[in-house]
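Have a look at final.cif below; it lists mmCIF, C-alpha atoms and all ligand atoms.
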```
data_start
loop_
_atom_site.label_atom_id
_atom_site.label_comp_id
_atom_site.auth_asym_id
_atom_site.auth_seq_id
_atom_site.Cartn_x
_atom_site.Cartn_y
_atom_site.Cartn_z
CA MET A 23 0.00 0.00 0.00
CA ARG A 24 2.80 2.36 1.01
CA LYS A 25 4.62 1.49 -2.22
CA MET A 26 1.46 2.33 -4.18
CA ASN A 27 1.30 5.75 -2.49
CA ILE A 28 4.87 6.49 -3.48
CA TYR A 29 4.13 5.66 -7.12
CA LEU A 30 1.02 7.83 -7.05
CA PHE A 31 3.00 10.66 -5.49
CA LEU A 32 5.71 10.34 -8.16
CA ALA A 33 3.14 10.24 -10.98
CA LEU A 34 1.39 13.33 -9.62
CA GLY A 35 4.73 15.13 -9.30
CA PHE A 36 5.55 14.26 -12.90
CA VAL A 37 2.20 15.55 -14.17
CA ILE A 38 2.59 18.82 -12.21
CA ILE A 39 6.12 19.37 -13.53
CA PHE A 40 4.94 18.56 -17.07
CA PHE A 41 2.15 21.15 -16.94
CA ILE A 42 4.32 23.81 -15.35
CA GLY A 43 6.83 23.17 -18.14
CA LEU A 44 4.09 23.34 -20.77
CA LEU A 45 2.76 26.65 -19.41
CA TRP A 46 6.21 28.17 -19.13
CA TYR A 47 7.56 27.05 -22.50
CA SER A 48 4.37 27.67 -24.45
CA GLN A 49 4.67 31.38 -23.72
CA GLY A 50 7.78 31.58 -25.88
CA VAL A 51 8.33 32.83 -29.41
CA VAL A 52 9.02 30.56 -32.37
CA ILE A 53 11.64 32.05 -34.68
CA LEU A 54 11.31 30.56 -38.17
CA HIS A 55 14.61 30.01 -39.97
CA TYR A 56 14.52 30.04 -43.79
CA HIS A 57 17.20 30.20 -46.48
CA ALA A 58 16.23 30.14 -50.19
CA VAL A 59 12.69 30.44 -51.57
CA ASN A 60 12.46 29.36 -55.22
CA ASN A 61 10.93 26.98 -57.68
CA ASP A 62 14.07 25.85 -59.39
CA GLN A 63 13.25 22.17 -59.91
CA ALA A 64 16.61 21.50 -61.52
CA SER A 65 18.40 22.04 -58.24
CA GLU A 66 17.75 19.70 -55.38
CA GLU A 67 18.42 21.69 -52.29
CA LEU A 68 17.76 20.90 -48.68
CA ILE A 69 17.66 24.53 -47.63
CA ARG A 70 15.01 25.60 -50.14
CA VAL A 71 11.27 25.99 -49.85
CA THR A 72 9.08 26.67 -52.88
CA PRO A 73 7.13 29.96 -53.09
CA GLU A 74 3.91 27.87 -52.95
CA ASP A 75 4.99 26.22 -49.71
CA PHE A 76 6.14 29.54 -48.28
CA ASP A 77 2.75 31.05 -49.16
CA TRP A 78 1.00 28.08 -47.51
CA GLN A 79 3.09 28.49 -44.35
CA MET A 80 2.46 32.25 -44.12
CA ASN A 81 -1.24 31.67 -44.71
CA HIS A 82 -1.28 29.00 -41.99
CA LEU A 83 0.12 31.53 -39.52
CA LYS A 84 -2.63 33.96 -40.42
CA LYS A 85 -5.44 31.40 -40.41
CA TRP A 86 -4.53 29.90 -37.06
CA GLY A 87 -4.09 33.16 -35.17
CA TYR A 88 -0.30 33.35 -34.91
CA HIS A 89 1.09 36.84 -34.38
CA VAL A 90 4.13 37.61 -36.50
CA VAL A 91 6.41 40.00 -34.59
CA SER A 92 9.70 41.60 -35.61
CA LEU A 93 12.95 40.03 -34.44
CA GLN A 94 13.58 43.20 -32.41
CA GLN A 95 10.32 42.60 -30.51
CA ALA A 96 11.23 38.95 -29.99
CA VAL A 97 14.64 39.87 -28.54
CA LYS A 98 13.09 42.52 -26.29
CA TYR A 99 10.83 39.83 -24.87
CA LEU A 100 13.73 37.39 -24.44
CA LYS A 101 15.90 40.05 -22.83
CA ASP A 102 13.51 41.96 -20.58
CA GLY A 103 10.40 39.82 -20.51
CA LYS A 104 8.42 42.50 -22.39
CA PRO A 105 5.22 40.54 -23.17
CA LEU A 106 4.48 39.41 -26.71
CA PRO A 107 1.09 38.64 -28.19
CA ARG A 108 -0.03 35.05 -27.76
CA LYS A 109 1.31 32.54 -30.33
CA ALA A 110 4.18 34.82 -31.33
CA VAL A 111 6.33 33.96 -34.35
CA ALA A 112 9.26 35.82 -35.95
CA ILE A 113 10.55 35.21 -39.50
CA THR A 114 14.24 35.08 -40.44
CA PHE A 115 16.26 34.17 -43.55
CA ASP A 116 19.96 33.34 -43.57
CA ASP A 117 22.53 34.20 -46.29
CA GLY A 118 20.54 36.73 -48.39
CA TYR A 119 19.70 34.91 -51.64
CA GLU A 120 18.30 36.97 -54.50
CA ASP A 121 15.11 34.91 -54.45
CA ASN A 122 14.34 36.43 -51.05
CA PHE A 123 13.62 39.61 -53.05
CA GLY A 124 11.82 38.07 -56.04
CA GLU A 125 9.84 35.33 -54.26
CA ALA A 126 9.66 35.77 -50.48
CA PHE A 127 9.40 39.57 -50.27
CA PRO A 128 6.14 39.90 -52.31
CA LEU A 129 4.54 37.22 -50.11
CA LEU A 130 5.72 38.91 -46.92
CA ARG A 131 4.14 42.13 -48.20
CA LYS A 132 0.93 40.29 -49.04
CA TYR A 133 0.56 39.26 -45.40
CA ALA A 134 2.22 42.46 -44.04
CA TYR A 135 4.71 40.38 -42.04
CA PRO A 136 8.02 41.84 -40.86
CA ALA A 137 11.13 39.71 -41.40
CA THR A 138 14.89 39.75 -40.88
CA ILE A 139 17.57 38.70 -43.36
CA PHE A 140 21.01 37.72 -42.04
CA MET A 141 23.28 38.82 -44.88
CA VAL A 142 26.67 37.47 -45.99
CA THR A 143 28.13 40.89 -46.76
CA GLY A 144 31.17 39.74 -48.75
CA GLN A 145 28.86 38.34 -51.44
CA VAL A 146 26.35 41.17 -51.91
CA GLY A 147 25.50 41.12 -55.64
CA GLY A 148 27.58 37.93 -56.02
CA GLN A 149 27.02 34.21 -55.51
CA ASN A 150 27.07 31.66 -52.70
CA SER A 151 30.73 30.87 -53.33
CA TRP A 152 31.17 29.32 -49.84
CA ASP A 153 28.94 26.42 -50.94
CA LYS A 154 31.09 25.61 -53.98
CA GLY A 155 30.65 21.98 -55.03
CA ARG A 156 28.01 21.23 -52.39
CA VAL A 157 24.89 23.05 -53.56
CA PRO A 158 24.14 24.82 -56.86
CA ARG A 159 25.32 28.38 -57.41
CA LYS A 160 22.73 30.96 -56.49
CA LYS A 161 22.66 34.71 -56.91
CA MET A 162 22.75 36.89 -53.83
CA LEU A 163 20.86 40.13 -53.15
CA ASN A 164 22.45 43.36 -54.36
CA TRP A 165 22.53 46.66 -52.45
CA ASP A 166 19.63 48.20 -54.42
CA GLN A 167 17.38 45.28 -53.52
CA ILE A 168 18.56 45.33 -49.92
CA LYS A 169 17.88 49.07 -49.58
CA TRP A 170 14.42 48.75 -51.14
CA MET A 171 13.51 45.89 -48.83
CA GLU A 172 14.85 47.75 -45.81
CA THR A 173 12.53 50.67 -46.50
CA ASN A 174 9.65 48.20 -46.73
CA GLY A 175 9.78 46.37 -43.43
CA ILE A 176 12.74 44.01 -43.79
CA SER A 177 15.59 44.29 -41.31
CA PHE A 178 19.13 43.29 -42.34
CA GLN A 179 21.50 41.82 -39.79
CA ALA A 180 24.97 40.25 -39.79
CA HIS A 181 25.90 36.77 -41.04
CA THR A 182 29.66 37.46 -41.36
CA VAL A 183 31.65 38.48 -44.47
CA HIS A 184 32.59 35.12 -46.03
CA HIS A 185 30.31 32.56 -44.36
CA LEU A 186 33.20 30.62 -42.83
CA ASN A 187 32.83 28.17 -39.97
CA LEU A 188 33.86 30.49 -37.13
CA THR A 189 35.08 27.63 -34.95
CA LYS A 190 37.69 26.67 -37.55
CA ILE A 191 39.47 30.00 -38.04
CA PRO A 192 41.81 32.06 -35.80
CA VAL A 193 40.20 34.34 -33.23
CA LYS A 194 41.50 37.45 -35.02
CA GLN A 195 39.75 36.37 -38.20
CA VAL A 196 36.54 35.70 -36.29
CA GLN A 197 36.70 39.26 -35.01
CA TYR A 198 37.10 40.56 -38.58
CA GLU A 199 34.32 38.37 -40.04
CA ILE A 200 31.88 39.59 -37.42
CA SER A 201 32.64 43.30 -37.18
CA ALA A 202 33.34 43.92 -40.89
CA SER A 203 29.96 42.43 -41.77
CA GLN A 204 28.29 44.66 -39.18
CA ASP A 205 30.17 47.73 -40.51
CA ALA A 206 29.25 47.05 -44.14
CA LEU A 207 25.53 46.86 -43.34
CA GLU A 208 25.59 49.95 -41.16
CA ARG A 209 27.45 51.91 -43.86
CA HIS A 210 24.79 51.15 -46.48
CA LEU A 211 21.63 51.02 -44.39
CA THR A 212 19.82 53.00 -41.74
CA ASN A 213 18.92 50.22 -39.29
CA HIS A 214 21.18 49.42 -36.37
CA VAL A 215 22.91 46.07 -36.84
CA ASN A 216 22.76 44.46 -33.43
CA PHE A 217 22.06 40.80 -34.21
CA LEU A 218 24.25 38.02 -35.61
CA ALA A 219 23.46 34.57 -37.02
CA TYR A 220 26.40 32.16 -36.78
CA PRO A 221 27.25 30.51 -40.14
CA TYR A 222 26.31 26.80 -39.96
CA GLY A 223 25.18 27.51 -36.38
CA SER A 224 28.77 26.68 -35.34
CA ILE A 225 30.01 28.22 -32.11
CA ASN A 226 32.58 27.80 -29.38
CA PRO A 227 33.31 29.92 -26.27
CA ASP A 228 35.67 32.28 -28.18
CA VAL A 229 33.11 32.97 -30.92
CA VAL A 230 30.37 33.70 -28.38
CA GLN A 231 32.71 35.96 -26.42
CA ILE A 232 33.46 38.04 -29.53
CA ALA A 233 29.80 38.16 -30.54
CA LYS A 234 28.93 39.48 -27.07
CA LYS A 235 31.23 42.47 -27.54
CA GLU A 236 29.55 43.60 -30.77
CA PHE A 237 25.93 42.46 -30.62
CA GLU A 238 22.83 42.44 -28.48
CA ALA A 239 21.88 38.87 -29.43
CA ALA A 240 22.95 36.00 -31.69
CA PHE A 241 21.05 33.13 -33.30
CA SER A 242 21.89 29.46 -33.60
CA SER A 243 20.32 26.63 -35.58
CA SER A 244 19.17 24.62 -32.56
CA PRO A 245 15.47 23.73 -32.74
CA GLY A 246 12.61 24.71 -30.45
CA ALA A 247 10.83 27.79 -29.13
CA ALA A 248 12.76 30.58 -27.40
CA VAL A 249 11.49 31.35 -23.91
CA TYR A 250 12.12 34.30 -21.59
CA GLY A 251 14.17 33.35 -18.53
CA ASN A 252 15.45 30.23 -20.17
CA THR A 253 17.21 31.52 -23.27
CA ASP A 254 20.85 32.40 -23.67
CA LEU A 255 20.71 35.58 -25.77
CA PHE A 256 23.75 34.40 -27.72
CA LYS A 257 22.34 30.96 -28.56
CA ILE A 258 18.76 31.77 -29.47
CA ARG A 259 16.89 28.81 -30.95
CA ARG A 260 15.20 28.82 -34.36
CA MET A 261 12.88 26.41 -36.12
CA SER A 262 14.47 25.51 -39.43
CA VAL A 263 12.05 25.37 -42.39
CA LYS A 264 13.34 23.63 -45.53
CA GLU A 265 12.60 21.26 -48.39
CA MET A 266 11.29 18.55 -46.06
CA HIS A 267 8.41 20.91 -45.20
CA SER A 268 7.06 20.67 -48.79
CA GLY A 269 3.88 18.92 -49.89
CA ALA A 270 1.09 17.46 -47.75
CA TRP A 271 3.38 15.61 -45.32
CA GLY A 272 5.72 18.57 -45.16
CA HIS A 273 2.85 20.89 -44.27
CA TRP A 274 1.77 18.50 -41.54
CA LEU A 275 5.35 18.45 -40.23
CA PHE A 276 5.46 22.27 -40.27
CA VAL A 277 2.23 22.47 -38.26
CA MET A 278 3.40 19.87 -35.72
CA GLU A 279 6.83 21.46 -35.25
CA LEU A 280 5.25 24.86 -34.79
CA ARG A 281 2.74 23.60 -32.22
CA LEU A 282 5.22 21.43 -30.35
CA SER A 283 8.20 23.76 -30.48
CA TRP A 284 7.84 24.34 -26.71
CA LEU A 285 8.22 20.58 -26.18
CA ILE A 286 11.18 20.39 -28.58
CA ALA A 287 12.91 23.18 -26.58
CA LEU A 288 12.13 21.39 -23.32
CA ILE A 289 13.57 18.10 -24.61
CA GLU A 290 16.67 19.87 -25.98
CA ASP A 291 17.23 21.64 -22.64
CA PHE A 292 16.75 18.36 -20.80
CA LYS A 293 19.32 16.66 -23.06
CA ILE A 294 21.82 19.46 -22.46
CA SER A 295 21.26 19.33 -18.68
CA LEU A 296 21.70 15.57 -18.65
CA GLY A 297 24.84 15.91 -20.74
CA ASN A 298 26.26 18.57 -18.44
CA ILE A 299 25.45 16.56 -15.31
CA SER A 300 27.02 13.48 -16.86
CA TYR A 301 30.06 15.54 -17.89
CA SER A 302 30.53 17.04 -14.45
CA ILE A 303 30.10 13.66 -12.71
CA GLN A 304 32.55 12.08 -15.10
CA SER A 305 35.07 14.95 -14.75
CA ASN A 306 34.96 14.67 -10.97
CA PHE A 307 35.27 10.93 -11.22
CA ASN A 308 38.19 11.25 -13.61
CA ASN A 309 39.91 13.88 -11.49
CA CYS A 310 39.52 11.95 -8.26
CA LEU A 311 39.89 8.35 -9.20
CA MET A 312 41.09 7.82 -12.71
CA PRO A 313 44.75 7.98 -13.62
CA PHE A 314 43.74 8.78 -17.20
CA SER A 315 41.03 10.94 -18.74
CA LEU A 316 38.04 9.68 -20.70
CA ASP A 317 37.34 11.48 -23.94
CA GLN A 318 33.66 10.76 -24.17
CA THR A 319 30.82 11.59 -21.81
CA LEU A 320 27.85 9.34 -21.41
CA PHE A 321 26.09 11.43 -24.05
CA GLY A 322 29.06 11.90 -26.36
CA ARG A 323 28.79 15.20 -28.15
CA VAL A 324 26.98 16.94 -25.30
CA GLN A 325 30.36 17.37 -23.63
CA ASP A 326 30.80 20.55 -25.67
CA LYS A 327 27.62 22.05 -24.15
CA ARG A 328 26.28 22.76 -27.62
CA TRP A 329 29.15 24.95 -28.74
ZN ZN B 401 24.25 30.75 -43.65
#
```
Rewrite the structure of this file - the entire thing - as structure tokens.
Amino acid sequence: MRKMNIYLFLALGFVIIFFIGLLWYSQGVVILHYHAVNNDQASEELIRVTPEDFDWQMNHLKKWGYHVVSLQQAVKYLKDGKPLPRKAVAITFDDGYEDNFGEAFPLLRKYAYPATIFMVTGQVGGQNSWDKGRVPRKKMLNWDQIKWMETNGISFQAHTVHHLNLTKIPVKQVQYEISASQDALERHLTNHVNFLAYPYGSINPDVVQIAKKEFEAAFSSSPGAAVYGNTDLFKIRRMSVKEMHSGAWGHWLFVMELRLSWLIALIEDFKISLGNISYSIQSNFNNCLMPFSLDQTLFGRVQDKRW
């Protein structure tokens, strides 16, 4: 009987924690993370959505009562807790492909949604040369297009100069990649460039440290909703939307990910906490008892705390 009571007590505790978690996380903002928007059937690209799918997704937000806020509003909420409307979503694009002007921009205007483009400034008017041999060549936005979009509700923020993996280059070069991209945008545009998206979502402690000196917030590619009080402003989560979100199944996946993004964030945080606990237990164990050090934690890659 006593054993039964303990199980009941544990089950009740679990349910309470689950609902507190649900309430807390579901107040967050989902930041959508796009790249290219085009209909180029010849090129098979993981990071592309078609204009039809993009239209469907924007329409879904409208139909189901989501409130599209600017990235500035989203960061204000994450930083100071300034309340957002219910079911808040922000829209971002990485790299700055020319199709963002020809395909995505007219649809954003149709729904009157604000959006942010993280621009690779070394390739304005050029091509995605950093992807050479991996994905097809694509044209990038030029300054005229960028300026026109900026005066019509699109914010431009930094995505470095050359789109290099910042964890694989010397610290001095990281500093250049980050601040020169910020300078270029501020020279040409009127908006303040205070956000950064890390190329490939790759970070380490040095990269974050440098980003903190120049920016107010920075964005990763980790999935899930971003929630006030539980979000590192220099590792803000985004929900990646790509080719797998095409067609009937893709639309279903988009809807599910959007609705359950609070749960995805909760699971991701739980995995990181477990990894960190395991790492700290193992480090202590290694330091105290082991004459040699183990390279792997129980959860492998989590040792790097998502750098
Ligand atoms: Zn990128």
Proximity check range 227-296 of chain A to range 161-181 of chain A, 10 Å, nearest pairs one decimal Å, only C-alpha atoms, as CSV:
```
residue,atom,partner,partner_atom,distance
A:Phe237,CA,A:Ala180,CA,9.5
A:Ala240,CA,A:Ala180,CA,9.4
A:Phe241,CA,A:His181,CA,9.8
```
With C-alpha atoms retained, export the selected residues as a PDB file, in the frame of the given file.
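Generated file (result.pdb):
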```
ATOM      1  CA  PHE A 237      25.930  42.460 -30.620  1.00  0.00           C
ATOM      2  CA  ALA A 240      22.950  36.000 -31.690  1.00  0.00           C
ATOM      3  CA  PHE A 241      21.050  33.130 -33.300  1.00  0.00           C
TER       4      PHE A 241
END
```
Which residue out of A:Asn81, A:Gly87, A:Asp116, A:Val37 has the minimum interatomic distance to ligand ZN 401 (chain B) when only C-alpha atoms and all ligand atoms are used?
-> A:Asp116
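One finds CA of Lys84 in chain A at 17.4 Å from CA of Leu275 in chain A.
Pocket residues of ligand ZN 401 (chain B), taken as those with any atom at most 6 Å away using all atoms listed in the file, are A:Asp116, A:Asp117, A:Pro221, A:Tyr222.
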Got a sec: who's within 8 Å of Ala233 in chain A, counting only C-alpha atoms, leaving out chain neighbours fewer than 3 positions off, as a PDB file with C-alpha atoms, in the coordinates of the input?
```pdb
ATOM      1  CA  ILE A 200      31.880  39.590 -37.420  1.00  0.00           C
ATOM      2  CA  LEU A 218      24.250  38.020 -35.610  1.00  0.00           C
ATOM      3  CA  VAL A 229      33.110  32.970 -30.920  1.00  0.00           C
ATOM      4  CA  VAL A 230      30.370  33.700 -28.380  1.00  0.00           C
ATOM      5  CA  GLU A 236      29.550  43.600 -30.770  1.00  0.00           C
ATOM      6  CA  PHE A 237      25.930  42.460 -30.620  1.00  0.00           C
ATOM      7  CA  ALA A 240      22.950  36.000 -31.690  1.00  0.00           C
ATOM      8  CA  PHE A 256      23.750  34.400 -27.720  1.00  0.00           C
TER       9      PHE A 256
END
```
Would you mind listing what lies within 12 Å of Thr72 in chain A as a PyMOL selection string, with only C-alpha atoms counted and same-chain residues fewer than 2 positions away left out?
-> chain A and resi 56-63+65-70+74-79+121-122+125-126+129+263-269+272
What's the 12 Å shell around His185 in chain A, counting all atoms listed in the file, without same-chain residues fewer than 5 positions away, as a PyMOL selection string?
-> chain A and resi 116-118+140-145+149-154+180+190-191+195-196+198-200+203+218-224
Pull N, CA and C atoms for range 61-90 of chain A from the block and write them as a PDB file, in the first residue's frame.
```pdb
ATOM      1  N   ASN A  61      11.607  28.101 -57.052  1.00  0.00           N
ATOM      2  CA  ASN A  61      10.928  26.983 -57.682  1.00  0.00           C
ATOM      3  C   ASN A  61      11.833  26.258 -58.645  1.00  0.00           C
ATOM      4  N   ASP A  62      13.109  26.399 -58.460  1.00  0.00           N
ATOM      5  CA  ASP A  62      14.073  25.849 -59.386  1.00  0.00           C
ATOM      6  C   ASP A  62      14.135  24.328 -59.229  1.00  0.00           C
ATOM      7  N   GLN A  63      13.352  23.630 -60.050  1.00  0.00           N
ATOM      8  CA  GLN A  63      13.255  22.173 -59.911  1.00  0.00           C
ATOM      9  C   GLN A  63      14.554  21.468 -60.292  1.00  0.00           C
ATOM     10  N   ALA A  64      15.371  22.143 -61.076  1.00  0.00           N
ATOM     11  CA  ALA A  64      16.606  21.499 -61.518  1.00  0.00           C
ATOM     12  C   ALA A  64      17.570  21.299 -60.351  1.00  0.00           C
ATOM     13  N   SER A  65      17.443  22.135 -59.346  1.00  0.00           N
ATOM     14  CA  SER A  65      18.398  22.038 -58.244  1.00  0.00           C
ATOM     15  C   SER A  65      17.730  21.423 -57.021  1.00  0.00           C
ATOM     16  N   GLU A  66      18.298  20.342 -56.561  1.00  0.00           N
ATOM     17  CA  GLU A  66      17.753  19.697 -55.380  1.00  0.00           C
ATOM     18  C   GLU A  66      18.480  20.263 -54.170  1.00  0.00           C
ATOM     19  N   GLU A  67      17.757  21.019 -53.397  1.00  0.00           N
ATOM     20  CA  GLU A  67      18.420  21.690 -52.285  1.00  0.00           C
ATOM     21  C   GLU A  67      17.671  21.474 -50.990  1.00  0.00           C
ATOM     22  N   LEU A  68      18.406  21.125 -49.963  1.00  0.00           N
ATOM     23  CA  LEU A  68      17.764  20.900 -48.675  1.00  0.00           C
ATOM     24  C   LEU A  68      17.282  22.187 -48.029  1.00  0.00           C
ATOM     25  N   ILE A  69      17.959  23.286 -48.343  1.00  0.00           N
ATOM     26  CA  ILE A  69      17.661  24.527 -47.628  1.00  0.00           C
ATOM     27  C   ILE A  69      16.614  25.382 -48.337  1.00  0.00           C
ATOM     28  N   ARG A  70      15.962  24.820 -49.351  1.00  0.00           N
ATOM     29  CA  ARG A  70      15.012  25.602 -50.138  1.00  0.00           C
ATOM     30  C   ARG A  70      13.576  25.269 -49.763  1.00  0.00           C
ATOM     31  N   VAL A  71      12.703  26.278 -49.824  1.00  0.00           N
ATOM     32  CA  VAL A  71      11.265  25.989 -49.852  1.00  0.00           C
ATOM     33  C   VAL A  71      10.727  26.621 -51.133  1.00  0.00           C
ATOM     34  N   THR A  72       9.641  26.079 -51.662  1.00  0.00           N
ATOM     35  CA  THR A  72       9.081  26.670 -52.881  1.00  0.00           C
ATOM     36  C   THR A  72       8.225  27.875 -52.486  1.00  0.00           C
ATOM     37  N   PRO A  73       8.004  28.821 -53.414  1.00  0.00           N
ATOM     38  CA  PRO A  73       7.131  29.957 -53.094  1.00  0.00           C
ATOM     39  C   PRO A  73       5.732  29.499 -52.684  1.00  0.00           C
ATOM     40  N   GLU A  74       5.250  28.394 -53.296  1.00  0.00           N
ATOM     41  CA  GLU A  74       3.915  27.874 -52.952  1.00  0.00           C
ATOM     42  C   GLU A  74       3.885  27.401 -51.496  1.00  0.00           C
ATOM     43  N   ASP A  75       4.938  26.688 -51.104  1.00  0.00           N
ATOM     44  CA  ASP A  75       4.989  26.219 -49.711  1.00  0.00           C
ATOM     45  C   ASP A  75       5.127  27.398 -48.744  1.00  0.00           C
ATOM     46  N   PHE A  76       5.946  28.363 -49.134  1.00  0.00           N
ATOM     47  CA  PHE A  76       6.137  29.541 -48.276  1.00  0.00           C
ATOM     48  C   PHE A  76       4.800  30.269 -48.101  1.00  0.00           C
ATOM     49  N   ASP A  77       4.068  30.412 -49.203  1.00  0.00           N
ATOM     50  CA  ASP A  77       2.749  31.052 -49.156  1.00  0.00           C
ATOM     51  C   ASP A  77       1.820  30.261 -48.222  1.00  0.00           C
ATOM     52  N   TRP A  78       1.845  28.933 -48.367  1.00  0.00           N
ATOM     53  CA  TRP A  78       0.997  28.083 -47.515  1.00  0.00           C
ATOM     54  C   TRP A  78       1.343  28.288 -46.041  1.00  0.00           C
ATOM     55  N   GLN A  79       2.650  28.337 -45.756  1.00  0.00           N
ATOM     56  CA  GLN A  79       3.087  28.490 -44.355  1.00  0.00           C
ATOM     57  C   GLN A  79       2.680  29.852 -43.791  1.00  0.00           C
ATOM     58  N   MET A  80       2.846  30.908 -44.583  1.00  0.00           N
ATOM     59  CA  MET A  80       2.460  32.250 -44.124  1.00  0.00           C
ATOM     60  C   MET A  80       0.944  32.314 -43.905  1.00  0.00           C
ATOM     61  N   ASN A  81       0.211  31.689 -44.816  1.00  0.00           N
ATOM     62  CA  ASN A  81      -1.243  31.666 -44.706  1.00  0.00           C
ATOM     63  C   ASN A  81      -1.686  30.872 -43.471  1.00  0.00           C
ATOM     64  N   HIS A  82      -0.964  29.799 -43.184  1.00  0.00           N
ATOM     65  CA  HIS A  82      -1.277  28.997 -41.993  1.00  0.00           C
ATOM     66  C   HIS A  82      -1.140  29.855 -40.724  1.00  0.00           C
ATOM     67  N   LEU A  83      -0.084  30.665 -40.687  1.00  0.00           N
ATOM     68  CA  LEU A  83       0.123  31.529 -39.515  1.00  0.00           C
ATOM     69  C   LEU A  83      -1.073  32.464 -39.335  1.00  0.00           C
ATOM     70  N   LYS A  84      -1.517  33.018 -40.472  1.00  0.00           N
ATOM     71  CA  LYS A  84      -2.633  33.963 -40.424  1.00  0.00           C
ATOM     72  C   LYS A  84      -3.921  33.255 -39.989  1.00  0.00           C
ATOM     73  N   LYS A  85      -4.185  32.116 -40.643  1.00  0.00           N
ATOM     74  CA  LYS A  85      -5.439  31.401 -40.412  1.00  0.00           C
ATOM     75  C   LYS A  85      -5.581  30.901 -38.979  1.00  0.00           C
ATOM     76  N   TRP A  86      -4.480  30.516 -38.385  1.00  0.00           N
ATOM     77  CA  TRP A  86      -4.528  29.903 -37.059  1.00  0.00           C
ATOM     78  C   TRP A  86      -4.170  30.873 -35.938  1.00  0.00           C
ATOM     79  N   GLY A  87      -4.205  32.160 -36.245  1.00  0.00           N
ATOM     80  CA  GLY A  87      -4.091  33.162 -35.172  1.00  0.00           C
ATOM     81  C   GLY A  87      -2.700  33.364 -34.598  1.00  0.00           C
ATOM     82  N   TYR A  88      -1.658  33.036 -35.381  1.00  0.00           N
ATOM     83  CA  TYR A  88      -0.302  33.350 -34.909  1.00  0.00           C
ATOM     84  C   TYR A  88      -0.046  34.834 -35.115  1.00  0.00           C
ATOM     85  N   HIS A  89       0.747  35.422 -34.243  1.00  0.00           N
ATOM     86  CA  HIS A  89       1.090  36.841 -34.380  1.00  0.00           C
ATOM     87  C   HIS A  89       2.544  36.965 -34.810  1.00  0.00           C
ATOM     88  N   VAL A  90       2.755  37.470 -36.019  1.00  0.00           N
ATOM     89  CA  VAL A  90       4.133  37.608 -36.500  1.00  0.00           C
ATOM     90  C   VAL A  90       4.700  38.920 -35.970  1.00  0.00           C
TER      91      VAL A  90
END
```
